$ cat entry_30.txt   # compact mmCIF, C-alpha atoms and all ligand atoms
# COMPACT_ATOMS: atom_id res chain seq x y z
CA MET A 269 33.52 25.07 27.12
CA ALA A 270 32.12 28.59 26.63
CA ASP A 271 33.25 28.79 23.01
CA GLN A 272 31.92 25.28 22.41
CA LEU A 273 28.51 26.33 23.70
CA ASP A 274 28.55 29.35 21.40
CA ILE A 275 29.17 27.12 18.39
CA LEU A 276 26.52 24.66 19.59
CA LYS A 277 24.04 27.52 19.78
CA ARG A 278 24.70 28.40 16.16
CA LEU A 279 24.52 24.73 15.25
CA GLN A 280 21.23 24.35 17.10
CA ALA A 281 19.75 27.33 15.23
CA ILE A 282 20.58 25.57 11.98
CA ASP A 283 19.53 22.11 13.14
CA GLY A 284 16.21 23.40 14.43
CA GLN A 285 15.42 24.71 10.97
CA LEU A 286 16.70 21.53 9.34
CA PHE A 287 14.42 19.46 11.54
CA GLN A 288 11.35 21.47 10.51
CA LEU A 289 12.33 21.39 6.84
CA ARG A 290 12.93 17.64 6.83
CA ARG A 291 9.57 17.15 8.45
CA GLN A 292 8.03 19.16 5.59
CA GLN A 293 9.89 16.94 3.12
CA GLU A 294 8.14 13.95 4.67
CA GLU A 295 4.72 15.49 5.09
CA LYS A 296 4.19 17.34 1.84
CA PRO A 297 4.13 14.20 -0.34
CA LEU A 298 1.51 12.78 2.06
CA GLU A 299 -0.76 15.78 1.30
CA LEU A 300 -0.56 14.80 -2.33
CA GLU A 301 -1.37 11.17 -1.56
CA HIS A 302 -4.43 12.34 0.31
CA ILE A 303 -5.68 14.34 -2.70
CA ASN A 304 -4.79 11.41 -4.97
CA ALA A 305 -7.00 9.14 -2.89
CA GLY A 306 -9.84 11.65 -3.25
CA VAL A 307 -9.51 11.56 -7.04
CA ALA A 308 -9.47 7.75 -7.03
CA ALA A 309 -12.65 7.70 -4.93
CA GLN A 310 -14.32 10.09 -7.37
CA GLU A 311 -13.26 7.88 -10.29
CA GLU A 312 -15.08 5.03 -8.56
CA ARG A 313 -18.22 7.16 -8.25
CA VAL A 314 -18.10 7.97 -11.97
CA LYS A 315 -17.71 4.28 -12.75
CA ALA A 316 -20.64 3.35 -10.50
CA ALA A 317 -22.83 6.07 -12.08
CA GLY A 318 -21.93 4.72 -15.54
CA GLU A 319 -22.81 1.17 -14.52
CA ARG A 320 -26.13 2.31 -13.08
CA LEU A 321 -26.93 4.08 -16.34
CA ARG A 322 -26.03 1.07 -18.48
CA ALA A 323 -28.16 -1.23 -16.31
CA LEU A 324 -31.16 1.09 -16.70
CA GLN A 325 -30.65 1.38 -20.47
CA LEU A 326 -30.49 -2.39 -20.75
CA SER A 327 -33.64 -2.80 -18.70
CA GLN A 328 -35.37 -0.20 -20.90
CA LYS A 329 -34.38 -2.03 -24.06
CA GLU A 330 -35.60 -5.36 -22.66
CA LYS A 331 -38.96 -3.88 -21.72
CA GLU A 332 -39.36 -2.29 -25.14
CA MET A 333 -38.64 -5.61 -26.84
CA ASP A 334 -41.05 -7.32 -24.50
CA LEU A 335 -43.74 -4.77 -25.39
CA GLN A 336 -43.09 -5.26 -29.10
CA THR A 337 -43.57 -9.00 -28.77
CA LYS A 338 -46.75 -8.57 -26.74
CA GLU A 339 -48.18 -6.01 -29.18
CA GLY A 340 -47.47 -8.53 -31.92
CA ASN A 341 -49.43 -11.13 -29.96
CA VAL A 342 -52.40 -8.79 -29.68
CA LYS A 343 -52.33 -8.15 -33.44
CA LYS A 344 -52.15 -11.87 -34.12
CA LEU A 345 -55.18 -12.55 -31.91
CA GLN A 346 -57.05 -9.64 -33.48
CA GLY A 347 -56.39 -11.19 -36.87
CA GLN A 348 -57.71 -14.53 -35.69
CA LEU A 349 -60.84 -12.91 -34.24
CA PHE A 350 -62.70 -12.92 -37.55
CA GLN A 351 -61.99 -16.58 -38.27
CA LEU A 352 -63.90 -17.69 -35.18
CA LYS A 353 -67.18 -19.53 -35.69
CA THR A 354 -69.17 -18.93 -32.50
CA ASN A 355 -70.04 -15.87 -30.46
CA ARG A 356 -68.73 -17.58 -27.36
CA GLU A 357 -65.30 -18.14 -28.89
CA TYR A 358 -65.34 -14.57 -30.17
CA ALA A 359 -66.18 -13.12 -26.74
CA ALA A 360 -63.55 -15.28 -25.03
CA MET A 361 -60.85 -14.14 -27.40
CA GLN A 362 -61.90 -10.51 -27.04
CA ARG A 363 -61.53 -10.83 -23.28
CA GLU A 364 -58.06 -12.30 -23.80
CA ILE A 365 -57.14 -9.43 -26.11
CA GLU A 366 -58.40 -6.85 -23.59
CA SER A 367 -56.43 -8.51 -20.83
CA LEU A 368 -53.26 -8.47 -22.97
CA LYS A 369 -53.84 -4.80 -23.83
CA THR A 370 -54.12 -3.96 -20.13
CA ASP A 371 -50.82 -5.76 -19.48
CA ASN A 372 -49.24 -3.81 -22.31
CA SER A 373 -50.37 -0.42 -21.07
CA LEU A 374 -48.89 -1.28 -17.66
CA LEU A 375 -45.67 -2.20 -19.42
CA GLU A 376 -45.75 1.11 -21.33
CA GLU A 377 -46.02 3.01 -18.05
CA GLU A 378 -43.11 1.03 -16.70
CA ILE A 379 -41.07 1.92 -19.79
CA LEU A 380 -41.85 5.62 -19.27
CA ARG A 381 -40.71 5.39 -15.67
CA THR A 382 -37.51 3.66 -16.77
CA LEU A 383 -36.93 6.40 -19.35
CA ASP A 384 -37.20 9.00 -16.58
CA ALA A 385 -34.74 6.98 -14.51
CA VAL A 386 -32.36 6.83 -17.49
CA ASP A 387 -32.55 10.63 -17.87
CA GLU A 388 -31.85 11.01 -14.17
CA ALA A 389 -28.90 8.59 -14.39
CA VAL A 390 -27.45 10.51 -17.35
CA LYS A 391 -27.58 13.75 -15.34
CA ASN A 392 -26.13 12.05 -12.29
CA ARG A 393 -23.23 10.61 -14.28
CA GLN A 394 -22.55 14.08 -15.70
CA VAL A 395 -22.46 15.56 -12.19
CA GLU A 396 -19.97 12.91 -11.07
CA GLN A 397 -17.87 13.43 -14.20
CA ASP A 398 -17.77 17.19 -13.56
CA ARG A 399 -16.69 16.56 -9.99
CA LEU A 400 -13.95 14.24 -11.22
CA ALA A 401 -12.70 16.91 -13.64
CA GLN A 402 -12.60 19.42 -10.78
CA ALA A 403 -10.78 16.98 -8.51
CA GLN A 404 -8.23 16.21 -11.24
CA ALA A 405 -7.64 19.91 -11.90
CA ARG A 406 -7.14 20.49 -8.19
CA LEU A 407 -4.73 17.57 -7.97
CA GLN A 408 -2.75 18.99 -10.87
CA LYS A 409 -2.55 22.40 -9.19
CA GLU A 410 -1.64 20.98 -5.80
CA ARG A 411 1.01 18.75 -7.34
CA GLN A 412 2.63 21.79 -8.93
CA ARG A 413 2.43 23.77 -5.70
CA ILE A 414 3.89 20.95 -3.61
CA GLU A 415 6.65 20.27 -6.11
CA GLN A 416 7.61 23.95 -6.06
CA GLU A 417 7.56 24.00 -2.28
CA LEU A 418 9.66 20.84 -2.08
CA THR A 419 12.20 22.36 -4.46
CA ALA A 420 12.43 25.46 -2.26
CA VAL A 421 12.73 23.30 0.86
CA ALA A 422 15.49 21.20 -0.74
CA GLU A 423 17.43 24.35 -1.64
CA HIS A 424 17.06 25.68 1.89
CA VAL A 425 18.18 22.34 3.33
CA ALA A 426 21.26 22.33 1.08
CA GLN A 427 22.14 25.86 2.16
CA LEU A 428 21.75 25.02 5.86
CA GLU A 429 23.82 21.86 5.45
CA ARG A 430 26.61 23.93 3.89
CA ASP A 431 26.39 26.40 6.80
CA ARG A 432 26.46 23.50 9.22
CA LYS A 433 29.57 22.00 7.68
CA THR A 434 31.50 25.23 8.18
CA LEU A 435 30.80 25.05 11.93
CA LEU A 436 31.67 21.40 12.48
CA PRO A 437 35.49 21.67 12.47
CA ASP A 438 35.28 23.93 15.52
CA VAL A 439 33.28 21.48 17.65
CA GLN A 440 35.09 18.91 19.76
CA ARG A 441 34.37 15.40 18.55
CA GLN A 442 32.85 14.15 21.80
CA THR A 443 30.74 17.27 22.26
CA LEU A 444 29.44 16.88 18.73
CA GLU A 445 28.63 13.21 19.31
CA THR A 446 26.70 14.03 22.48
CA TYR A 447 24.90 16.89 20.79
CA GLU A 448 23.93 14.85 17.73
CA ARG A 449 22.75 11.89 19.75
CA ILE A 450 20.39 14.14 21.74
CA LEU A 451 19.35 15.94 18.55
CA ALA A 452 18.21 12.62 17.09
CA ILE A 453 16.16 11.51 20.08
CA ARG A 454 14.74 14.93 21.00
CA GLU A 455 13.13 16.04 17.74
CA GLY A 456 15.82 18.44 16.58
CA LEU A 457 16.24 20.25 19.89
CA ALA A 458 19.42 19.28 21.73
CA LEU A 459 20.52 22.57 23.28
CA VAL A 460 18.23 24.62 25.50
CA PRO A 461 18.61 27.62 27.81
CA VAL A 462 17.86 27.50 31.50
CA VAL A 463 14.54 29.33 31.84
CA ASN A 464 13.66 30.57 35.33
CA ASP A 465 15.67 27.79 36.98
CA ALA A 466 14.02 25.15 34.81
CA CYS A 467 15.07 23.23 31.72
CA GLY A 468 14.04 25.15 28.60
CA GLY A 469 13.31 21.84 26.86
CA CYS A 470 11.16 19.89 29.30
CA ASP A 471 10.32 22.59 31.89
CA ARG A 472 11.60 20.45 34.78
CA ARG A 473 12.99 22.46 37.70
CA LEU A 474 16.78 22.14 37.93
CA PRO A 475 18.71 21.68 41.21
CA PRO A 476 20.79 24.75 42.26
CA GLN A 477 24.11 22.90 41.78
CA VAL A 478 23.15 22.03 38.19
CA ILE A 479 22.27 25.67 37.48
CA ASN A 480 25.60 26.64 39.02
CA GLU A 481 27.49 24.29 36.77
CA VAL A 482 25.66 25.58 33.73
CA TYR A 483 26.59 29.09 34.79
CA LEU A 484 30.26 28.18 35.22
CA LYS A 485 30.49 26.60 31.73
CA ALA A 486 33.31 24.34 32.89
CA ARG A 487 31.75 21.25 31.33
CA LEU A 488 28.80 20.15 29.23
CA VAL A 489 25.77 19.95 31.54
CA THR A 490 22.67 18.03 30.52
CA CYS A 491 19.14 17.96 31.92
CA GLU A 492 18.58 14.82 34.02
CA THR A 493 15.05 14.49 32.72
CA CYS A 494 15.27 15.07 28.97
CA SER A 495 19.08 14.79 28.46
CA ARG A 496 19.27 18.09 26.57
CA ILE A 497 22.39 20.19 26.87
CA LEU A 498 21.80 23.27 29.02
CA TYR A 499 23.24 26.73 28.58
CA PHE A 500 22.93 29.90 30.54
CA ASP A 501 21.09 32.78 28.94
CA GLU A 502 20.68 36.05 30.84
CA ALA A 503 17.46 36.87 29.02
CA HIS A 504 15.88 33.76 30.48
CA SER A 505 17.28 33.70 33.97
CA LYS A 506 16.82 35.30 37.35
CA LEU A 507 20.50 34.92 38.20
ZN ZN B 1 14.97 18.87 30.28
$ encode --input "entry_30.txt" --output "structure tokens"
Amino acid sequence: MADQLDILKRLQAIDGQLFQLRRQQEEKPLELEHINAGVAAQEERVKAAGERLRALQLSQKEKEMDLQTKEGNVKKLQGQLFQLKTNREYAAMQREIESLKTDNSLLEEEILRTLDAVDEAVKNRQVEQDRLAQAQARLQKERQRIEQELTAVAEHVAQLERDRKTLLPDVQRQTLETYERILAIREGLALVPVVNDACGGCDRRLPPQVINEVYLKARLVTCETCSRILYFDEAHSKL
């Protein structure tokens, strides 16, 4: 069993790296998705800023047309002023004209305020558009970086898988099956040293007879708590 444990140790060194690399293969695309979502959210903000601007421009146009109509009304009444026969009629119409003029100057002020709001909305849309351009540039850069990293990871994985294959013929079938089963359920760590009389995987204290068996290397010994295969390592033991 001693030679089997030596091969398993080499296998575990490879599989530990493979586990980390495969995790990166899963996680890196998620980073990109996250940035993608940020860009999409910024696109929405640009759209909303554009809609706000268009609504204000429309309101401005409506008010200007309204003012034009009302100024026309004033002119019409002013034209009629001189056709009136009595002073009373004349005074009444003048009051009406004054009242309409007051309404119009209020409307003019409103139009000026709307114009300010339009200016503000134009600036705001520009700010959001600039932010979108920045977010898109960042996405582009990050996509490149992540693609490069994933390529490097894939190459490393391929290399480790080749290394792994060269070791497999030397492992007994049943030992390999046990090892791989534990590897799958224990996050890429199936083989651990005994560390100060405890399991190097889950830190549980091991009974003396278990430690003895590990030391003897007569058979494959596993931790009762986490099922990992145990091996004896002088660097980690008091024995
Ligand atoms: Zn354990």
$ atom_distance --input "entry_30.txt" --atom1 "atom CA of Leu300 of chain A" --atom2 "atom CA of Val421 of chain A"
16.1 Å
$ residues_near_point --input "entry_30.txt" --point "(-35.2, -1.1, -21.2)" --cutoff "10 Å" --atoms "all atoms listed in the file" --output "list in words"
Arg322, Ala323, Leu324, Gln325, Leu326, Ser327, Gln328, Lys329, Glu330, Lys331, Glu332, Met333, Asp334, Glu378, Ile379, Leu380, Thr382, Leu383 and Val386 of chain A
$ residues_near_ligand --input "entry_30.txt" --ligand "ligand ZN 1 (chain B)" --cutoff "7 Å" --atoms "only C-alpha atoms and all ligand atoms" --output "VMD selection string"
chain A and resid 467 to 472 491 to 496
$ write_last_selection --input "entry_30.txt" --atoms "C-alpha atoms" --output "PDB file, in the frame of the given file"
ATOM      1  CA  CYS A 467      15.070  23.230  31.720  1.00  0.00           C
ATOM      2  CA  GLY A 468      14.040  25.150  28.600  1.00  0.00           C
ATOM      3  CA  GLY A 469      13.310  21.840  26.860  1.00  0.00           C
ATOM      4  CA  CYS A 470      11.160  19.890  29.300  1.00  0.00           C
ATOM      5  CA  ASP A 471      10.320  22.590  31.890  1.00  0.00           C
ATOM      6  CA  ARG A 472      11.600  20.450  34.780  1.00  0.00           C
ATOM      7  CA  CYS A 491      19.140  17.960  31.920  1.00  0.00           C
ATOM      8  CA  GLU A 492      18.580  14.820  34.020  1.00  0.00           C
ATOM      9  CA  THR A 493      15.050  14.490  32.720  1.00  0.00           C
ATOM     10  CA  CYS A 494      15.270  15.070  28.970  1.00  0.00           C
ATOM     11  CA  SER A 495      19.080  14.790  28.460  1.00  0.00           C
ATOM     12  CA  ARG A 496      19.270  18.090  26.570  1.00  0.00           C
TER      13      ARG A 496
END
$ atom_distance --input "entry_30.txt" --atom1 "atom CA of Leu276 of chain A" --atom2 "atom CA of Thr443 of chain A"
8.9 Å
$ closest_residue --input "entry_30.txt" --among "A:Lys369, A:Ala426, A:Leu374, A:Thr490" --to "Lys338 of chain A" --atoms "only C-alpha atoms"
A:Lys369
$ closest_residue --input "entry_30.txt" --among "A:Ala308, A:Pro297, A:Val342, A:Arg473" --to "Arg413 of chain A" --atoms "all atoms listed in the file"
A:Pro297
$ residues_around --input "entry_30.txt" --residues "Ala403 of chain A" --least-positions-apart "2" --cutoff "12 Å" --atoms "only C-alpha atoms" --output "PyMOL selection string"
chain A and resi 302-311+396-401+405-411
$ write_last_selection --input "entry_30.txt" --atoms "C-alpha atoms" --output "PDB file, in the coordinates of the input"
ATOM      1  CA  HIS A 302      -4.430  12.340   0.310  1.00  0.00           C
ATOM      2  CA  ILE A 303      -5.680  14.340  -2.700  1.00  0.00           C
ATOM      3  CA  ASN A 304      -4.790  11.410  -4.970  1.00  0.00           C
ATOM      4  CA  ALA A 305      -7.000   9.140  -2.890  1.00  0.00           C
ATOM      5  CA  GLY A 306      -9.840  11.650  -3.250  1.00  0.00           C
ATOM      6  CA  VAL A 307      -9.510  11.560  -7.040  1.00  0.00           C
ATOM      7  CA  ALA A 308      -9.470   7.750  -7.030  1.00  0.00           C
ATOM      8  CA  ALA A 309     -12.650   7.700  -4.930  1.00  0.00           C
ATOM      9  CA  GLN A 310     -14.320  10.090  -7.370  1.00  0.00           C
ATOM     10  CA  GLU A 311     -13.260   7.880 -10.290  1.00  0.00           C
ATOM     11  CA  GLU A 396     -19.970  12.910 -11.070  1.00  0.00           C
ATOM     12  CA  GLN A 397     -17.870  13.430 -14.200  1.00  0.00           C
ATOM     13  CA  ASP A 398     -17.770  17.190 -13.560  1.00  0.00           C
ATOM     14  CA  ARG A 399     -16.690  16.560  -9.990  1.00  0.00           C
ATOM     15  CA  LEU A 400     -13.950  14.240 -11.220  1.00  0.00           C
ATOM     16  CA  ALA A 401     -12.700  16.910 -13.640  1.00  0.00           C
ATOM     17  CA  ALA A 405      -7.640  19.910 -11.900  1.00  0.00           C
ATOM     18  CA  ARG A 406      -7.140  20.490  -8.190  1.00  0.00           C
ATOM     19  CA  LEU A 407      -4.730  17.570  -7.970  1.00  0.00           C
ATOM     20  CA  GLN A 408      -2.750  18.990 -10.870  1.00  0.00           C
ATOM     21  CA  LYS A 409      -2.550  22.400  -9.190  1.00  0.00           C
ATOM     22  CA  GLU A 410      -1.640  20.980  -5.800  1.00  0.00           C
ATOM     23  CA  ARG A 411       1.010  18.750  -7.340  1.00  0.00           C
TER      24      ARG A 411
END
$ residues_around --input "entry_30.txt" --residues "segment 358-364 of chain A" --least-positions-apart "3" --cutoff "10 Å" --atoms "all atoms listed in the file" --output "tab-separated table (two decimals) with C-alpha atoms, in the coordinates of the input"
chain	number	residue	atom	x	y	z
A	342	VAL	CA	-52.40	-8.79	-29.68
A	345	LEU	CA	-55.18	-12.55	-31.91
A	346	GLN	CA	-57.05	-9.64	-33.48
A	348	GLN	CA	-57.71	-14.53	-35.69
A	349	LEU	CA	-60.84	-12.91	-34.24
A	350	PHE	CA	-62.70	-12.92	-37.55
A	351	GLN	CA	-61.99	-16.58	-38.27
A	352	LEU	CA	-63.90	-17.69	-35.18
A	353	LYS	CA	-67.18	-19.53	-35.69
A	354	THR	CA	-69.17	-18.93	-32.50
A	355	ASN	CA	-70.04	-15.87	-30.46
A	367	SER	CA	-56.43	-8.51	-20.83
A	368	LEU	CA	-53.26	-8.47	-22.97
A	369	LYS	CA	-53.84	-4.80	-23.83
A	370	THR	CA	-54.12	-3.96	-20.13
$ closest_residue --input "entry_30.txt" --among "A:Gln280, A:Pro437, A:Val390, A:Ala422" --to "Leu321 of chain A" --atoms "all atoms listed in the file"
A:Val390
$ atom_distance --input "entry_30.txt" --atom1 "atom CA of Leu457 of chain A" --atom2 "atom CA of Glu301 of chain A"
29.2 Å
$ closest_residue --input "entry_30.txt" --among "A:Val478, A:Leu335, A:Val425, A:Val460" --to "Ile497 of chain A" --atoms "all atoms listed in the file"
A:Val460
$ residues_around --input "entry_30.txt" --residues "Glu455 of chain A" --least-positions-apart "3" --cutoff "12 Å" --atoms "only C-alpha atoms" --output "JSON, numbers by chain"
{"A": [280, 283, 284, 285, 286, 287, 288, 290, 291, 448, 449, 450, 451, 452, 458, 459, 469, 494, 496]}
$ closest_residue --input "entry_30.txt" --among "A:Arg278, A:Arg381, A:Arg487, A:Lys296" --to "Leu436 of chain A" --atoms "all atoms listed in the file"
A:Arg278
$ closest_residue --input "entry_30.txt" --among "A:Thr419, A:Arg320, A:Arg313, A:Leu375" --to "Glu339 of chain A" --atoms "all atoms listed in the file"
A:Leu375
